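The next block holds one structure in the form of structure tokens; read it before the comments.
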Amino acid sequence: MITPDHNGESVDHIASHLSEHVTKAMEATGVAGASIALIRDGEVAWAGAFGTADASTGRPLTTEDVFEVASITKPLFTYGVLKLRDAGLLNLDTPLNDYLDEPYLDDPRIKKVTARHVLSHQGGFPNWQRQRDDGSLKMYFEPGERYSYSGEGFQYLKLVIEKLTGRPPLDVITELTLEPFGMTDSDLVWPSRRSTPPIALGHEKDGSPRVKGESREMNAAASLHGSPT
């Protein structure tokens, strides 16, 4: 929605443009609520909230409401992994299998999977775990052979982080990402351990709100909760 042509325009002008078009888009698609932050020079220059956080009660959405951020967890987790690389704890091209006492799964290809493969979605895994008849995880292709989006690989890498640090990955990634960035209302589990922000519920196609489930264990690919601000 914001094109290079907007780069020289004032924040107020862009905010006005966004407010008009987001409202129209929500009406056209039936989206219950939307929250947006405008970034300029690395800082939040403007934030806006539209619609409701819970359609069943009509509670207005605010810029303080947190969302289930889902796959945006991946770049945050990746940043934490790269900080571990910078600290000399992890090599991006060392097979992850070398860091563990036993293979993650019974497939000879697992011995070739590296952090670089996982972070670039070339690990050979399905998006999420699919089992063989014997209950083991299935790999689809040779690591590095091609791209295939996979959250499962991030969970594998999370296990390696736990082994290398001797600490819960939740604590490690929180210290490397949420804390230094001042993300005080964000957490990698729900309910949040760090604050008590209001939450924006997800909604079904018929407009009814979804019941918010708990996620008490960090999912390296999907469990971040936070707001655009």
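Chain labels follow the order of the structure tokens: the first chain is A, the next B, and so on; residue numbering restarts at 1 in every chain, and ligands are counted from 1 in their shown order.
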Give me the residues of stretch 9-122 of chain A that have any atom at most 12 Å from an atom of stretch 202-214 of chain A; for each, the nearest atom pair and the distance in Å, rounded to one decimal. Use only C-alpha atoms, sort by chain and number, and format it as JSON lines.
```
{"residue": "A:Met26", "atom": "CA", "partner": "A:Gly207", "partner_atom": "CA", "distance": 11.8}
{"residue": "A:Glu27", "atom": "CA", "partner": "A:Gly207", "partner_atom": "CA", "distance": 11.9}
{"residue": "A:Thr29", "atom": "CA", "partner": "A:Lys205", "partner_atom": "CA", "distance": 9.4}
{"residue": "A:Gly30", "atom": "CA", "partner": "A:Gly207", "partner_atom": "CA", "distance": 7.2}
{"residue": "A:Val31", "atom": "CA", "partner": "A:Gly207", "partner_atom": "CA", "distance": 7.7}
{"residue": "A:Ala32", "atom": "CA", "partner": "A:Gly207", "partner_atom": "CA", "distance": 6.9}
{"residue": "A:Gly33", "atom": "CA", "partner": "A:Gly202", "partner_atom": "CA", "distance": 9.0}
{"residue": "A:Ala34", "atom": "CA", "partner": "A:Gly202", "partner_atom": "CA", "distance": 10.7}
{"residue": "A:Thr52", "atom": "CA", "partner": "A:Pro209", "partner_atom": "CA", "distance": 10.4}
{"residue": "A:Ala53", "atom": "CA", "partner": "A:Gly202", "partner_atom": "CA", "distance": 8.3}
{"residue": "A:Asp54", "atom": "CA", "partner": "A:Pro209", "partner_atom": "CA", "distance": 6.2}
{"residue": "A:Ala55", "atom": "CA", "partner": "A:Pro209", "partner_atom": "CA", "distance": 6.3}
{"residue": "A:Ser56", "atom": "CA", "partner": "A:Pro209", "partner_atom": "CA", "distance": 6.7}
{"residue": "A:Thr57", "atom": "CA", "partner": "A:Pro209", "partner_atom": "CA", "distance": 9.6}
{"residue": "A:Gly58", "atom": "CA", "partner": "A:Pro209", "partner_atom": "CA", "distance": 10.7}
{"residue": "A:Arg59", "atom": "CA", "partner": "A:Pro209", "partner_atom": "CA", "distance": 11.7}
{"residue": "A:Val66", "atom": "CA", "partner": "A:Gly202", "partner_atom": "CA", "distance": 11.1}
{"residue": "A:Phe67", "atom": "CA", "partner": "A:Gly202", "partner_atom": "CA", "distance": 8.2}
{"residue": "A:Glu68", "atom": "CA", "partner": "A:Gly202", "partner_atom": "CA", "distance": 8.1}
{"residue": "A:Val69", "atom": "CA", "partner": "A:Gly202", "partner_atom": "CA", "distance": 10.7}
{"residue": "A:Ala70", "atom": "CA", "partner": "A:Gly202", "partner_atom": "CA", "distance": 11.5}
```
Keeping all heavy atoms for every residue in the selection just given, could you write it to a file as a short mmCIF file (atom, residue, chain, number, x, y, z; two decimals), in the first residue's frame?
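Below is the file again.cif, written as the result:
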```cif
data_model
loop_
_atom_site.label_atom_id
_atom_site.label_comp_id
_atom_site.auth_asym_id
_atom_site.auth_seq_id
_atom_site.Cartn_x
_atom_site.Cartn_y
_atom_site.Cartn_z
N MET A 26 -11.30 -3.22 4.93
CA MET A 26 -11.94 -4.00 5.97
C MET A 26 -13.42 -4.21 5.66
O MET A 26 -13.97 -5.30 5.84
CB MET A 26 -11.76 -3.32 7.33
CG MET A 26 -10.35 -3.38 7.87
SD MET A 26 -10.14 -2.39 9.37
CE MET A 26 -11.33 -3.17 10.46
N GLU A 27 -14.07 -3.16 5.20
CA GLU A 27 -15.48 -3.26 4.85
C GLU A 27 -15.70 -4.23 3.70
O GLU A 27 -16.65 -5.02 3.70
CB GLU A 27 -16.02 -1.88 4.49
CG GLU A 27 -16.09 -0.91 5.66
CD GLU A 27 -16.50 0.50 5.23
OE1 GLU A 27 -16.57 0.74 4.00
OE2 GLU A 27 -16.72 1.35 6.11
N THR A 29 -13.81 -6.81 2.85
CA THR A 29 -13.39 -8.19 3.12
C THR A 29 -14.00 -8.78 4.38
O THR A 29 -13.88 -9.99 4.62
CB THR A 29 -11.86 -8.25 3.26
OG1 THR A 29 -11.45 -7.37 4.32
CG2 THR A 29 -11.17 -7.85 1.97
N GLY A 30 -14.65 -7.95 5.20
CA GLY A 30 -15.24 -8.46 6.43
C GLY A 30 -14.25 -8.68 7.55
O GLY A 30 -14.54 -9.40 8.51
N VAL A 31 -13.08 -8.07 7.46
CA VAL A 31 -12.08 -8.18 8.53
C VAL A 31 -12.57 -7.41 9.75
O VAL A 31 -13.00 -6.25 9.64
CB VAL A 31 -10.72 -7.64 8.05
CG1 VAL A 31 -9.75 -7.51 9.22
CG2 VAL A 31 -10.15 -8.56 6.99
N ALA A 32 -12.51 -8.04 10.92
CA ALA A 32 -13.03 -7.41 12.14
C ALA A 32 -12.17 -6.26 12.63
O ALA A 32 -12.67 -5.23 13.08
CB ALA A 32 -13.17 -8.46 13.23
N GLY A 33 -10.85 -6.44 12.57
CA GLY A 33 -9.97 -5.41 13.10
C GLY A 33 -8.61 -5.45 12.45
O GLY A 33 -8.15 -6.51 11.99
N ALA A 34 -7.95 -4.31 12.40
CA ALA A 34 -6.60 -4.23 11.83
C ALA A 34 -5.80 -3.18 12.59
O ALA A 34 -6.34 -2.14 12.99
CB ALA A 34 -6.65 -3.87 10.35
N THR A 52 -12.70 -3.83 15.59
CA THR A 52 -12.86 -4.39 16.93
C THR A 52 -11.84 -5.49 17.20
O THR A 52 -11.38 -6.18 16.30
CB THR A 52 -14.26 -5.00 17.10
OG1 THR A 52 -14.45 -6.03 16.12
CG2 THR A 52 -15.33 -3.94 16.92
N ALA A 53 -11.51 -5.64 18.48
CA ALA A 53 -10.63 -6.72 18.92
C ALA A 53 -11.43 -7.99 19.18
O ALA A 53 -10.88 -9.08 19.16
CB ALA A 53 -9.90 -6.31 20.19
N ASP A 54 -12.72 -7.83 19.40
CA ASP A 54 -13.61 -8.97 19.66
C ASP A 54 -14.99 -8.59 19.14
O ASP A 54 -15.69 -7.76 19.74
CB ASP A 54 -13.65 -9.26 21.16
CG ASP A 54 -14.53 -10.45 21.52
OD1 ASP A 54 -15.33 -10.88 20.66
OD2 ASP A 54 -14.44 -10.92 22.66
N ALA A 55 -15.38 -9.17 18.03
CA ALA A 55 -16.65 -8.79 17.39
C ALA A 55 -17.85 -9.15 18.24
O ALA A 55 -18.91 -8.52 18.12
CB ALA A 55 -16.76 -9.47 16.03
N SER A 56 -17.72 -10.13 19.14
CA SER A 56 -18.87 -10.55 19.95
C SER A 56 -19.21 -9.52 21.02
O SER A 56 -20.36 -9.42 21.44
CB SER A 56 -18.60 -11.90 20.60
OG SER A 56 -17.54 -11.81 21.55
N THR A 57 -18.22 -8.75 21.46
CA THR A 57 -18.46 -7.73 22.47
C THR A 57 -18.39 -6.32 21.91
O THR A 57 -18.83 -5.37 22.55
CB THR A 57 -17.43 -7.84 23.61
OG1 THR A 57 -16.11 -7.57 23.09
CG2 THR A 57 -17.43 -9.24 24.20
N GLY A 58 -17.82 -6.19 20.71
CA GLY A 58 -17.65 -4.87 20.13
C GLY A 58 -16.51 -4.08 20.73
O GLY A 58 -16.39 -2.87 20.50
N ARG A 59 -15.63 -4.75 21.50
CA ARG A 59 -14.51 -4.04 22.12
C ARG A 59 -13.61 -3.44 21.05
O ARG A 59 -13.08 -4.17 20.20
CB ARG A 59 -13.71 -4.99 23.02
CG ARG A 59 -12.47 -4.34 23.65
CD ARG A 59 -11.85 -5.22 24.72
NE ARG A 59 -11.33 -6.46 24.22
CZ ARG A 59 -10.09 -6.61 23.74
NH1 ARG A 59 -9.27 -5.56 23.68
NH2 ARG A 59 -9.68 -7.78 23.32
N VAL A 66 -2.33 -6.86 21.45
CA VAL A 66 -1.38 -7.76 20.82
C VAL A 66 -2.13 -8.79 19.99
O VAL A 66 -3.30 -9.11 20.25
CB VAL A 66 -0.48 -8.48 21.86
CG1 VAL A 66 0.33 -7.48 22.65
CG2 VAL A 66 -1.31 -9.35 22.79
N PHE A 67 -1.45 -9.28 18.98
CA PHE A 67 -2.00 -10.27 18.07
C PHE A 67 -1.18 -11.55 18.16
O PHE A 67 -0.01 -11.53 18.57
CB PHE A 67 -1.92 -9.76 16.62
CG PHE A 67 -2.85 -8.64 16.29
CD1 PHE A 67 -2.60 -7.35 16.74
CD2 PHE A 67 -3.97 -8.87 15.52
CE1 PHE A 67 -3.45 -6.31 16.43
CE2 PHE A 67 -4.83 -7.84 15.19
CZ PHE A 67 -4.57 -6.55 15.64
N GLU A 68 -1.77 -12.65 17.75
CA GLU A 68 -1.02 -13.88 17.54
C GLU A 68 -0.27 -13.69 16.22
O GLU A 68 -0.83 -13.76 15.14
CB GLU A 68 -2.01 -15.05 17.45
CG GLU A 68 -1.35 -16.40 17.43
CD GLU A 68 -2.38 -17.52 17.49
OE1 GLU A 68 -3.47 -17.31 18.07
OE2 GLU A 68 -2.09 -18.59 16.93
N VAL A 69 1.02 -13.43 16.32
CA VAL A 69 1.79 -12.96 15.17
C VAL A 69 2.16 -14.10 14.22
O VAL A 69 2.51 -13.88 13.06
CB VAL A 69 3.04 -12.20 15.65
CG1 VAL A 69 3.80 -11.61 14.49
CG2 VAL A 69 2.64 -11.08 16.60
N ALA A 70 2.07 -15.33 14.71
CA ALA A 70 2.26 -16.51 13.88
C ALA A 70 3.64 -16.55 13.23
O ALA A 70 4.65 -16.47 13.92
CB ALA A 70 1.15 -16.62 12.84
#
```
Identify, on the basis of only C-alpha atoms, every residue whose closest approach to stretch 160-167 of chain A does not exceed 7 Å; exclude the query and any residue fewer than 6 positions from it along the same chain; express the result as an MDAnalysis selection string.
-> chainID A and resid 96 99:100
Output N, CA, C and O atoms for every residue in the selection just made, as a CSV table (one decimal), in the first residue's frame.
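Full text of part.csv as output:
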```
chain,number,residue,atom,x,y,z
A,96,LEU,N,23.4,-30.0,11.9
A,96,LEU,CA,22.8,-29.9,13.3
A,96,LEU,C,22.9,-31.2,14.0
A,96,LEU,O,23.0,-31.2,15.2
A,99,TYR,N,25.5,-31.6,16.7
A,99,TYR,CA,25.4,-31.0,18.0
A,99,TYR,C,24.6,-31.9,19.0
A,99,TYR,O,24.6,-31.6,20.2
A,100,LEU,N,23.9,-32.9,18.4
A,100,LEU,CA,23.0,-33.7,19.3
A,100,LEU,C,23.6,-35.1,19.6
A,100,LEU,O,24.5,-35.6,18.9
```
Per DSSP on the backbone, what are the alpha helix (DSSP H) residues of chain A, as number ranges by chain?
-> A: 11-29, 73-86, 115-119, 152-165, 169-173
Using only C-alpha atoms, the residue out of A:Leu170, A:Ala200, A:Ala220, A:Leu178 with shortest distance to A:Ser150 is A:Ala220
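Counting only C-alpha atoms, the residue from A:Glu9, A:Asp93, A:Glu217, A:Asp106 that sits nearest to A:Asp171 is A:Glu217.
The smallest atom-to-atom distance between A:Ile110 and any of A:Gly80, A:Pro198, A:Pro169, A:Gly153, using only C-alpha atoms, is found for A:Gly153.
For the residues A:Thr63, A:Gln129, A:Ser19, A:Gln155, ranking by smallest atom-to-atom distance to A:Gly226 using only C-alpha atoms places A:Thr63 first.
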Write out as a PyMOL selection string all residues of stretch 32-121 of chain A that DSSP puts in strand (DSSP E) for this structure's backbone.
-> chain A and resi 33-40+43-54+59-60+67-70
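Nearest to A:Thr114 of all the residues A:Ile199, A:Gly182, A:Ala221, A:Asn97 is A:Asn97, based on only C-alpha atoms.
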